[in-house]
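Asks: Dropping the structure in here first, questions after.
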Number of protein chains: 2
Amino acid sequence: MFSKACEYGIKASIFIAINSYEGKRVSPKEISEEIDSPTAFTAKILQALVRDNIINSVKGAYGGFEIDKNKISTIKLSQIVNAIDGDKIYKGCGLGLHTCDEDHPCPVHDKFKIVRSELRNMLENTNLEQLALNIKSGSAFLKI
Amino acid sequence: MFSKACEYGIKASIFIAINSYEGKRVSPKEISEEIDSPTAFTAKILQALVRDNIINSVKGAYGGFEIDKNKISTIKLSQIVNAIDGDKIYKGCGLGLHTCDEDHPCPVHDKFKIVRSELRNMLENTNLEQLALNIKSGSAFLKI
DNA sequence: TTTAATTAGGATGCCTTTGTCTTAATTAAA
DNA sequence: TTTAATTAAGACAAAGGCATCCTAATTAAA
């Protein structure tokens with residue numbers, strides 16, 4: 001469904017959010033240990049999230065990655081997915097047709113529409129705060 | 001969502017079904033032209049569908065691929081997807097956790113469940129006959 | 001029985017994604 | 001101002017998906 005990069009990006013964002021609530025910046029090393037991902041690759045993905053203004057980076061000693069506390073509840077899952085995987089996941093044709101719309105649908109167009117809108121809905125209505133709270137309360141996990 | 005191989009496999013199956021209704025066998029060349037796919041690669045995918053008993057192949061002169069007319073309405077989209085992509089699409093964890101279930105859920109587990117069950121539902125309740133009729137009636141297309 | 005047409009299958013190559021490594025740029029603190 | 005810690009960025013390597021090619025196996029018809 002999502003690319004590996006996107007999976008890592010979502011989990012990393014959640015971990016950064018949790019720490020940002022406590023005013024703590026985190027490094028790619030801490031992040032990758034917590035979400036069980038390759039460190040250097042994770043760092044690359046963080047760069048993309050920084051470029052897209054989803055997370056913030058502070059260079060130099062005592063630096064790291066953080067998210068503005070007040071912003072956490074406004075960051076939707078869809079933004080993270082968009083920054084890394086783009087919008088093909090809920091825009092592209094299920095059977096790979098170049099043109100696929102009401103006028104020229106692929107054979108599964110109508111049936112797929114429902115699934116895709118459910119997915120879009122879910123990505124649009126889930127924010128980082130909700131996900132972070134799930135982890136903090138111990139009712140969800142970032143690895144294993 | 002689906003792999004390229006799976007997209008080709010679905011479209012090929014639909015085209016074979018249409019022709020089987022008219023008692024006609026089709027070759028990888030005809031198929032790939034009709035669904036706009038690479039011929040040799042499509043042939044490989046057809047082999048997988050034959051191995052899984054979804055389509056039937058007849059070797060030698062006047063051979064080709066076909067589907068038992070009476071079977072067409074019983075072949076679910078889920079069978080084709082399963083034969084090519086496996087079941088990870090509606091079984092795997094959305095964030096790639098090794099273990100992700102009610103006892104040990106990833107942060108998006110509950111939200112994802114809905115999307116996945118909608119997808120599974122769609123794949124289980126769509127059969128080749130429906131898709132073939134859409135094409136025959138001109139209300140859906142296999143390419144462009 | 002030979003031939004021509006056809007699917008099966010293995011070997012190979014290319015491209016994208018995934019992942020690593022090294023160096024540059026930046027910055028807080030000593 | 002120097003140092004140590006840190007992110008940024010580009011080059012490189014590995015793996016997997018996508019695609020091609022060649023040969024073997026099969027079979028209907030001549």
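Following the order of the structure tokens, first chain is A, next is B, and so on, with residues numbered from 1 inside each chain and ligands from 1 in the order they appear.
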Excluding same-chain residues fewer than 3 positions from Val50 in chain A, what lies within 12 Å of it counting only C-alpha atoms (C1' of nucleotides), as a PDB file with N, CA and C atoms (P, O5', C5', C4', C3', O3' and C1' of nucleotides), in the first residue's frame?

Replies:
ATOM      1  N   GLY A   9       8.468   7.134   7.329  1.00  0.00           N
ATOM      2  CA  GLY A   9       8.157   8.554   7.509  1.00  0.00           C
ATOM      3  C   GLY A   9       7.022   8.768   8.499  1.00  0.00           C
ATOM      4  N   SER A  13       7.552  10.394  12.184  1.00  0.00           N
ATOM      5  CA  SER A  13       6.804  11.604  12.545  1.00  0.00           C
ATOM      6  C   SER A  13       6.105  11.430  13.887  1.00  0.00           C
ATOM      7  N   ALA A  43      17.128   9.037   7.718  1.00  0.00           N
ATOM      8  CA  ALA A  43      17.583  10.431   7.677  1.00  0.00           C
ATOM      9  C   ALA A  43      17.187  11.084   6.354  1.00  0.00           C
ATOM     10  N   LYS A  44      17.319  10.314   5.273  1.00  0.00           N
ATOM     11  CA  LYS A  44      16.922  10.824   3.953  1.00  0.00           C
ATOM     12  C   LYS A  44      15.444  11.206   3.929  1.00  0.00           C
ATOM     13  N   ILE A  45      14.644  10.357   4.517  1.00  0.00           N
ATOM     14  CA  ILE A  45      13.201  10.591   4.510  1.00  0.00           C
ATOM     15  C   ILE A  45      12.859  11.815   5.363  1.00  0.00           C
ATOM     16  N   LEU A  46      13.600  11.967   6.464  1.00  0.00           N
ATOM     17  CA  LEU A  46      13.386  13.137   7.319  1.00  0.00           C
ATOM     18  C   LEU A  46      13.664  14.418   6.532  1.00  0.00           C
ATOM     19  N   GLN A  47      14.698  14.384   5.704  1.00  0.00           N
ATOM     20  CA  GLN A  47      15.010  15.556   4.870  1.00  0.00           C
ATOM     21  C   GLN A  47      13.804  15.954   4.025  1.00  0.00           C
ATOM     22  N   ASN A  53       8.066  21.010   5.094  1.00  0.00           N
ATOM     23  CA  ASN A  53       7.592  21.772   6.255  1.00  0.00           C
ATOM     24  C   ASN A  53       6.706  21.005   7.216  1.00  0.00           C
ATOM     25  N   ILE A  54       6.861  19.702   7.226  1.00  0.00           N
ATOM     26  CA  ILE A  54       6.049  18.896   8.135  1.00  0.00           C
ATOM     27  C   ILE A  54       6.770  18.764   9.467  1.00  0.00           C
ATOM     28  N   ILE A  55       8.065  18.542   9.414  1.00  0.00           N
ATOM     29  CA  ILE A  55       8.865  18.548  10.636  1.00  0.00           C
ATOM     30  C   ILE A  55       9.925  19.633  10.496  1.00  0.00           C
ATOM     31  N   ASN A  56      10.580  19.922  11.624  1.00  0.00           N
ATOM     32  CA  ASN A  56      11.587  20.973  11.634  1.00  0.00           C
ATOM     33  C   ASN A  56      12.922  20.375  12.043  1.00  0.00           C
ATOM     34  N   SER A  57      14.014  20.836  11.392  1.00  0.00           N
ATOM     35  CA  SER A  57      15.325  20.337  11.792  1.00  0.00           C
ATOM     36  C   SER A  57      16.163  21.475  12.350  1.00  0.00           C
ATOM     37  N   VAL A  58      16.967  21.149  13.354  1.00  0.00           N
ATOM     38  CA  VAL A  58      17.909  22.115  13.919  1.00  0.00           C
ATOM     39  C   VAL A  58      19.292  21.522  13.780  1.00  0.00           C
ATOM     40  N   LYS A  59      20.140  22.191  12.996  1.00  0.00           N
ATOM     41  CA  LYS A  59      21.475  21.676  12.746  1.00  0.00           C
ATOM     42  C   LYS A  59      22.405  21.982  13.909  1.00  0.00           C
ATOM     43  N   GLY A  64      18.660  18.471  16.159  1.00  0.00           N
ATOM     44  CA  GLY A  64      17.821  17.286  16.003  1.00  0.00           C
ATOM     45  C   GLY A  64      16.535  17.640  15.289  1.00  0.00           C
ATOM     46  N   PHE A  65      15.594  16.713  15.325  1.00  0.00           N
ATOM     47  CA  PHE A  65      14.310  16.938  14.652  1.00  0.00           C
ATOM     48  C   PHE A  65      13.200  17.164  15.677  1.00  0.00           C
ATOM     49  N   GLU A  66      12.292  18.032  15.319  1.00  0.00           N
ATOM     50  CA  GLU A  66      11.189  18.378  16.225  1.00  0.00           C
ATOM     51  C   GLU A  66       9.986  18.835  15.417  1.00  0.00           C
ATOM     52  N   ILE A  67       8.847  18.933  16.090  1.00  0.00           N
ATOM     53  CA  ILE A  67       7.652  19.485  15.462  1.00  0.00           C
ATOM     54  C   ILE A  67       7.057  20.505  16.425  1.00  0.00           C
ATOM     55  N   ILE A  80       1.756  13.715   5.239  1.00  0.00           N
ATOM     56  CA  ILE A  80       2.981  12.918   5.294  1.00  0.00           C
ATOM     57  C   ILE A  80       3.053  11.996   4.087  1.00  0.00           C
ATOM     58  N   ALA A  83       3.841  13.922   0.964  1.00  0.00           N
ATOM     59  CA  ALA A  83       5.224  14.397   0.893  1.00  0.00           C
ATOM     60  C   ALA A  83       6.162  13.302   0.417  1.00  0.00           C
ATOM     61  N   ILE A  84       5.849  12.067   0.713  1.00  0.00           N
ATOM     62  CA  ILE A  84       6.764  10.963   0.404  1.00  0.00           C
ATOM     63  C   ILE A  84       6.322  10.144  -0.803  1.00  0.00           C
TER      64      ILE A  84
ATOM     65  P    DT D   7      20.685  15.325  13.968  1.00  0.00           P
ATOM     66  O5'  DT D   7      20.599  16.193  12.613  1.00  0.00           O
ATOM     67  C5'  DT D   7      19.876  17.421  12.621  1.00  0.00           C
ATOM     68  C4'  DT D   7      20.141  18.190  11.348  1.00  0.00           C
ATOM     69  C3'  DT D   7      19.496  17.603  10.085  1.00  0.00           C
ATOM     70  O3'  DT D   7      19.049  18.681   9.252  1.00  0.00           O
ATOM     71  C1'  DT D   7      21.811  17.743   9.779  1.00  0.00           C
ATOM     72  P    DA D   8      18.449  18.419   7.757  1.00  0.00           P
ATOM     73  O5'  DA D   8      19.737  18.518   6.809  1.00  0.00           O
ATOM     74  C5'  DA D   8      20.383  19.769   6.640  1.00  0.00           C
ATOM     75  C4'  DA D   8      21.038  19.855   5.274  1.00  0.00           C
ATOM     76  C3'  DA D   8      20.245  19.264   4.110  1.00  0.00           C
ATOM     77  O3'  DA D   8      20.460  20.101   2.963  1.00  0.00           O
ATOM     78  C1'  DA D   8      22.259  18.042   4.369  1.00  0.00           C
TER      79       DA D   8
END

Asks: Neighbours of DT3 in chain D within 12 Å (only C-alpha atoms (C1' of nucleotides); same-chain residues fewer than 6 positions away dropped), as a ChimeraX atom specification?

Replies: /A:60-61 /C:27-30

Asks: Can I get the selected residues back with C-alpha atoms (C1' of nucleotides), as a CSV table (one decimal), in the first residue's frame?

Replies:
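As written to disk, again-v1.csv reads:
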chain,number,residue,atom,x,y,z
A,60,GLY,CA,24.6,21.6,14.8
A,61,ALA,CA,25.3,20.6,18.4
C,27,DT,C1',25.8,25.7,15.0
C,28,DA,C1',26.1,25.6,20.2
C,29,DA,C1',29.4,25.5,23.7
C,30,DA,C1',34.0,25.7,25.5

Asks: Over every C-alpha pair, in sequence order, do a least-squares fit of chain B onto chain A and save the fitted chain as a PDB file with C-alpha atoms, in the first residue's frame.

Replies:
ATOM      1  CA  MET B   1      -0.014  -0.029   0.015  1.00  0.00           C
ATOM      2  CA  PHE B   2       2.548   2.552   1.165  1.00  0.00           C
ATOM      3  CA  SER B   3       6.227   2.495   0.208  1.00  0.00           C
ATOM      4  CA  LYS B   4       8.787   1.538   2.841  1.00  0.00           C
ATOM      5  CA  ALA B   5       9.908   5.171   2.860  1.00  0.00           C
ATOM      6  CA  CYS B   6       6.366   6.247   3.657  1.00  0.00           C
ATOM      7  CA  GLU B   7       5.969   3.687   6.434  1.00  0.00           C
ATOM      8  CA  TYR B   8       9.198   4.923   8.022  1.00  0.00           C
ATOM      9  CA  GLY B   9       8.140   8.541   7.505  1.00  0.00           C
ATOM     10  CA  ILE B  10       4.846   8.051   9.328  1.00  0.00           C
ATOM     11  CA  LYS B  11       6.389   6.197  12.228  1.00  0.00           C
ATOM     12  CA  ALA B  12       9.242   8.709  12.494  1.00  0.00           C
ATOM     13  CA  SER B  13       6.782  11.613  12.553  1.00  0.00           C
ATOM     14  CA  ILE B  14       4.859   9.991  15.373  1.00  0.00           C
ATOM     15  CA  PHE B  15       8.021   9.471  17.411  1.00  0.00           C
ATOM     16  CA  ILE B  16       9.168  13.028  16.812  1.00  0.00           C
ATOM     17  CA  ALA B  17       5.747  14.315  17.856  1.00  0.00           C
ATOM     18  CA  ILE B  18       5.847  12.390  21.123  1.00  0.00           C
ATOM     19  CA  ASN B  19       9.235  13.844  21.976  1.00  0.00           C
ATOM     20  CA  SER B  20       8.304  17.332  20.871  1.00  0.00           C
ATOM     21  CA  TYR B  21       5.504  17.343  23.435  1.00  0.00           C
ATOM     22  CA  GLU B  22       8.292  17.016  26.010  1.00  0.00           C
ATOM     23  CA  GLY B  23      10.433  19.653  24.366  1.00  0.00           C
ATOM     24  CA  LYS B  24      12.981  17.077  23.237  1.00  0.00           C
ATOM     25  CA  ARG B  25      14.699  16.963  19.852  1.00  0.00           C
ATOM     26  CA  VAL B  26      15.603  13.549  18.468  1.00  0.00           C
ATOM     27  CA  SER B  27      18.287  12.312  16.083  1.00  0.00           C
ATOM     28  CA  PRO B  28      17.965   9.906  13.138  1.00  0.00           C
ATOM     29  CA  LYS B  29      19.744   7.322  15.282  1.00  0.00           C
ATOM     30  CA  GLU B  30      17.234   7.531  18.132  1.00  0.00           C
ATOM     31  CA  ILE B  31      14.368   7.544  15.676  1.00  0.00           C
ATOM     32  CA  SER B  32      15.528   4.547  13.683  1.00  0.00           C
ATOM     33  CA  GLU B  33      16.113   2.583  16.862  1.00  0.00           C
ATOM     34  CA  GLU B  34      12.644   3.358  18.082  1.00  0.00           C
ATOM     35  CA  ILE B  35      10.867   2.557  14.825  1.00  0.00           C
ATOM     36  CA  ASP B  36      13.203  -0.244  13.715  1.00  0.00           C
ATOM     37  CA  SER B  37      14.386   1.258  10.439  1.00  0.00           C
ATOM     38  CA  PRO B  38      17.746   1.789   8.675  1.00  0.00           C
ATOM     39  CA  THR B  39      19.281   4.959  10.088  1.00  0.00           C
ATOM     40  CA  ALA B  40      20.742   6.593   6.964  1.00  0.00           C
ATOM     41  CA  PHE B  41      17.653   5.849   4.914  1.00  0.00           C
ATOM     42  CA  THR B  42      15.455   7.271   7.643  1.00  0.00           C
ATOM     43  CA  ALA B  43      17.571  10.434   7.655  1.00  0.00           C
ATOM     44  CA  LYS B  44      16.883  10.830   3.935  1.00  0.00           C
ATOM     45  CA  ILE B  45      13.174  10.584   4.503  1.00  0.00           C
ATOM     46  CA  LEU B  46      13.357  13.125   7.310  1.00  0.00           C
ATOM     47  CA  GLN B  47      14.970  15.546   4.855  1.00  0.00           C
ATOM     48  CA  ALA B  48      11.929  15.220   2.609  1.00  0.00           C
ATOM     49  CA  LEU B  49       9.588  15.904   5.520  1.00  0.00           C
ATOM     50  CA  VAL B  50      11.642  18.973   6.443  1.00  0.00           C
ATOM     51  CA  ARG B  51      11.481  20.241   2.850  1.00  0.00           C
ATOM     52  CA  ASP B  52       7.714  19.860   2.989  1.00  0.00           C
ATOM     53  CA  ASN B  53       7.578  21.759   6.275  1.00  0.00           C
ATOM     54  CA  ILE B  54       6.024  18.881   8.146  1.00  0.00           C
ATOM     55  CA  ILE B  55       8.856  18.544  10.637  1.00  0.00           C
ATOM     56  CA  ASN B  56      11.565  20.976  11.610  1.00  0.00           C
ATOM     57  CA  SER B  57      15.298  20.336  11.771  1.00  0.00           C
ATOM     58  CA  VAL B  58      17.901  22.115  13.877  1.00  0.00           C
ATOM     59  CA  LYS B  59      21.460  21.652  12.694  1.00  0.00           C
ATOM     60  CA  GLY B  60      24.617  21.567  14.764  1.00  0.00           C
ATOM     61  CA  ALA B  61      25.302  20.500  18.306  1.00  0.00           C
ATOM     62  CA  TYR B  62      22.200  19.981  20.419  1.00  0.00           C
ATOM     63  CA  GLY B  63      20.209  19.917  17.213  1.00  0.00           C
ATOM     64  CA  GLY B  64      17.809  17.293  15.968  1.00  0.00           C
ATOM     65  CA  PHE B  65      14.292  16.949  14.637  1.00  0.00           C
ATOM     66  CA  GLU B  66      11.180  18.382  16.219  1.00  0.00           C
ATOM     67  CA  ILE B  67       7.642  19.492  15.454  1.00  0.00           C
ATOM     68  CA  ASP B  68       6.037  22.660  16.725  1.00  0.00           C
ATOM     69  CA  LYS B  69       3.820  21.509  19.611  1.00  0.00           C
ATOM     70  CA  ASN B  70       0.888  23.574  18.448  1.00  0.00           C
ATOM     71  CA  LYS B  71       1.179  22.157  14.945  1.00  0.00           C
ATOM     72  CA  ILE B  72       1.038  18.477  15.841  1.00  0.00           C
ATOM     73  CA  SER B  73      -2.739  18.233  15.914  1.00  0.00           C
ATOM     74  CA  THR B  74      -2.985  19.975  12.538  1.00  0.00           C
ATOM     75  CA  ILE B  75      -0.711  17.602  10.647  1.00  0.00           C
ATOM     76  CA  LYS B  76      -2.800  15.088   8.750  1.00  0.00           C
ATOM     77  CA  LEU B  77      -1.596  11.637   7.765  1.00  0.00           C
ATOM     78  CA  SER B  78      -2.395  12.623   4.179  1.00  0.00           C
ATOM     79  CA  GLN B  79       0.271  15.349   4.300  1.00  0.00           C
ATOM     80  CA  ILE B  80       2.974  12.889   5.304  1.00  0.00           C
ATOM     81  CA  VAL B  81       1.903  10.364   2.677  1.00  0.00           C
ATOM     82  CA  ASN B  82       1.746  13.068   0.054  1.00  0.00           C
ATOM     83  CA  ALA B  83       5.203  14.380   0.909  1.00  0.00           C
ATOM     84  CA  ILE B  84       6.753  10.939   0.420  1.00  0.00           C
ATOM     85  CA  ASP B  85       4.592   8.866  -1.928  1.00  0.00           C
ATOM     86  CA  GLY B  86       2.688  11.610  -3.720  1.00  0.00           C
ATOM     87  CA  ASP B  87      -1.013  11.313  -4.381  1.00  0.00           C
ATOM     88  CA  LYS B  88      -1.040   8.350  -6.760  1.00  0.00           C
ATOM     89  CA  ILE B  89      -2.415   6.167  -3.977  1.00  0.00           C
ATOM     90  CA  TYR B  90      -5.807   7.804  -4.147  1.00  0.00           C
ATOM     91  CA  LYS B  91      -5.612   9.430  -7.553  1.00  0.00           C
ATOM     92  CA  GLY B  92      -4.198   6.787  -9.919  1.00  0.00           C
ATOM     93  CA  CYS B  93      -6.235   4.183 -11.816  1.00  0.00           C
ATOM     94  CA  GLY B  94      -6.505   0.801 -10.112  1.00  0.00           C
ATOM     95  CA  LEU B  95      -5.571  -0.963 -13.347  1.00  0.00           C
ATOM     96  CA  GLY B  96      -2.944   1.555 -14.432  1.00  0.00           C
ATOM     97  CA  LEU B  97      -4.894   3.194 -17.256  1.00  0.00           C
ATOM     98  CA  HIS B  98      -3.435   6.491 -18.346  1.00  0.00           C
ATOM     99  CA  THR B  99      -6.884   8.049 -18.495  1.00  0.00           C
ATOM    100  CA  CYS B 100      -9.483   6.681 -16.120  1.00  0.00           C
ATOM    101  CA  ASP B 101     -12.483   8.780 -15.187  1.00  0.00           C
ATOM    102  CA  GLU B 102     -16.276   8.757 -15.415  1.00  0.00           C
ATOM    103  CA  ASP B 103     -16.102   9.279 -19.185  1.00  0.00           C
ATOM    104  CA  HIS B 104     -13.462   6.645 -19.802  1.00  0.00           C
ATOM    105  CA  PRO B 105     -13.415   4.270 -16.837  1.00  0.00           C
ATOM    106  CA  CYS B 106     -11.389   1.102 -16.372  1.00  0.00           C
ATOM    107  CA  PRO B 107     -13.416  -2.046 -15.595  1.00  0.00           C
ATOM    108  CA  VAL B 108     -13.044  -1.634 -11.834  1.00  0.00           C
ATOM    109  CA  HIS B 109     -13.351   2.143 -11.718  1.00  0.00           C
ATOM    110  CA  ASP B 110     -16.685   2.339  -9.893  1.00  0.00           C
ATOM    111  CA  LYS B 111     -15.839  -0.354  -7.403  1.00  0.00           C
ATOM    112  CA  PHE B 112     -12.445   1.110  -6.737  1.00  0.00           C
ATOM    113  CA  LYS B 113     -13.830   4.554  -6.135  1.00  0.00           C
ATOM    114  CA  ILE B 114     -15.353   3.414  -2.868  1.00  0.00           C
ATOM    115  CA  VAL B 115     -12.131   1.904  -1.562  1.00  0.00           C
ATOM    116  CA  ARG B 116     -10.098   4.895  -2.561  1.00  0.00           C
ATOM    117  CA  SER B 117     -12.450   7.403  -1.017  1.00  0.00           C
ATOM    118  CA  GLU B 118     -12.441   5.365   2.183  1.00  0.00           C
ATOM    119  CA  LEU B 119      -8.652   5.536   2.140  1.00  0.00           C
ATOM    120  CA  ARG B 120      -8.538   9.243   1.364  1.00  0.00           C
ATOM    121  CA  ASN B 121     -11.079   9.819   4.097  1.00  0.00           C
ATOM    122  CA  MET B 122      -8.972   7.955   6.583  1.00  0.00           C
ATOM    123  CA  LEU B 123      -5.809   9.825   5.627  1.00  0.00           C
ATOM    124  CA  GLU B 124      -7.556  13.200   5.742  1.00  0.00           C
ATOM    125  CA  ASN B 125      -9.196  12.577   9.096  1.00  0.00           C
ATOM    126  CA  THR B 126      -6.265  11.206  11.014  1.00  0.00           C
ATOM    127  CA  ASN B 127      -3.781  13.600  12.557  1.00  0.00           C
ATOM    128  CA  LEU B 128      -0.428  13.174  14.236  1.00  0.00           C
ATOM    129  CA  GLU B 129      -1.772  14.020  17.678  1.00  0.00           C
ATOM    130  CA  GLN B 130      -4.202  11.104  17.627  1.00  0.00           C
ATOM    131  CA  LEU B 131      -1.465   8.702  16.570  1.00  0.00           C
ATOM    132  CA  ALA B 132       1.002  10.019  19.123  1.00  0.00           C
ATOM    133  CA  LEU B 133      -1.523   9.642  21.932  1.00  0.00           C
ATOM    134  CA  ASN B 134      -2.116   6.025  20.948  1.00  0.00           C
ATOM    135  CA  ILE B 135       1.568   5.354  21.463  1.00  0.00           C
ATOM    136  CA  LYS B 136       1.885   7.353  24.671  1.00  0.00           C
ATOM    137  CA  SER B 137      -1.050   5.541  26.237  1.00  0.00           C
ATOM    138  CA  GLY B 138       0.495   2.213  25.306  1.00  0.00           C
ATOM    139  CA  SER B 139      -2.449   1.177  23.183  1.00  0.00           C
ATOM    140  CA  ALA B 140      -0.393   1.041  19.971  1.00  0.00           C
ATOM    141  CA  PHE B 141       3.208   0.302  19.020  1.00  0.00           C
ATOM    142  CA  LEU B 142       5.853   1.580  16.602  1.00  0.00           C
ATOM    143  CA  LYS B 143       7.746  -1.671  16.153  1.00  0.00           C
ATOM    144  CA  ILE B 144       7.843  -5.491  16.230  1.00  0.00           C
TER     145      ILE B 144
END

Asks: From a DSSP calculation on the backbone, collect every residue of chain B in strand (DSSP E or B) and output the set as a list in words.

Replies: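 These are the residues in question: Val26, Asn56, Ser57, Val58, Gly64, Phe65, Glu66, Lys76 and Asn127 of chain B.
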
Asks: Sorted by chain and rising residue number, list the residues of chain C at most 9 Å from chain B (counting only C-alpha atoms (C1' of nucleotides)), each with its closest atom pair and distance in Å to one decimal, as CSV.

Replies:
residue,atom,partner,partner_atom,distance
C:DA4,C1',B:Ala61,CA,7.5
C:DA5,C1',B:Ala61,CA,4.3
C:DT6,C1',B:Gly60,CA,4.2
C:DT7,C1',B:Lys59,CA,5.0
C:DA8,C1',B:Gln47,CA,7.7

Asks: Need to verify the contact set: DA30 in chain D, 12 Å, only C-alpha atoms (C1' of nucleotides), exclusion of same-chain residues closer than 6 positions in sequence. Can you return it as a PyMOL selection string?

Replies: chain C and resi 1-4

Asks: Mind checking which residues fall within 12 Å of DT23 in chain D, counting only C-alpha atoms (C1' of nucleotides), ignoring those fewer than 3 positions away in the same chain, and posting them as a PDB file with N, CA and C atoms (P, O5', C5', C4', C3', O3' and C1' of nucleotides), in the first residue's frame?

Replies:
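What follows is the written file around-v8.pdb:
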ATOM      1  P    DA C   8       1.554 -22.175 -20.961  1.00  0.00           P
ATOM      2  O5'  DA C   8       3.079 -22.659 -21.060  1.00  0.00           O
ATOM      3  C5'  DA C   8       3.353 -24.045 -21.222  1.00  0.00           C
ATOM      4  C4'  DA C   8       4.703 -24.413 -20.615  1.00  0.00           C
ATOM      5  C3'  DA C   8       5.048 -23.747 -19.280  1.00  0.00           C
ATOM      6  O3'  DA C   8       5.716 -24.709 -18.476  1.00  0.00           O
ATOM      7  C1'  DA C   8       6.624 -23.071 -20.931  1.00  0.00           C
ATOM      8  P    DG C   9       6.247 -24.300 -16.993  1.00  0.00           P
ATOM      9  O5'  DG C   9       7.735 -23.806 -17.267  1.00  0.00           O
ATOM     10  C5'  DG C   9       8.583 -24.581 -18.099  1.00  0.00           C
ATOM     11  C4'  DG C   9       9.971 -23.966 -18.114  1.00  0.00           C
ATOM     12  C3'  DG C   9      10.312 -23.169 -16.858  1.00  0.00           C
ATOM     13  O3'  DG C   9      11.662 -23.427 -16.549  1.00  0.00           O
ATOM     14  C1'  DG C   9      10.585 -21.798 -18.719  1.00  0.00           C
ATOM     15  P    DG C  10      12.265 -23.131 -15.067  1.00  0.00           P
ATOM     16  O5'  DG C  10      13.789 -22.778 -15.382  1.00  0.00           O
ATOM     17  C5'  DG C  10      14.445 -23.416 -16.479  1.00  0.00           C
ATOM     18  C4'  DG C  10      15.407 -22.449 -17.144  1.00  0.00           C
ATOM     19  C3'  DG C  10      16.188 -21.576 -16.156  1.00  0.00           C
ATOM     20  O3'  DG C  10      17.558 -21.590 -16.536  1.00  0.00           O
ATOM     21  C1'  DG C  10      15.142 -20.225 -17.775  1.00  0.00           C
ATOM     22  P    DA C  11      18.671 -20.904 -15.562  1.00  0.00           P
ATOM     23  O5'  DA C  11      19.243 -19.763 -16.503  1.00  0.00           O
ATOM     24  C5'  DA C  11      19.388 -20.020 -17.906  1.00  0.00           C
ATOM     25  C4'  DA C  11      19.830 -18.740 -18.600  1.00  0.00           C
ATOM     26  C3'  DA C  11      20.715 -17.830 -17.741  1.00  0.00           C
ATOM     27  O3'  DA C  11      21.750 -17.317 -18.570  1.00  0.00           O
ATOM     28  C1'  DA C  11      18.750 -16.665 -18.398  1.00  0.00           C
TER      29       DA C  11
END
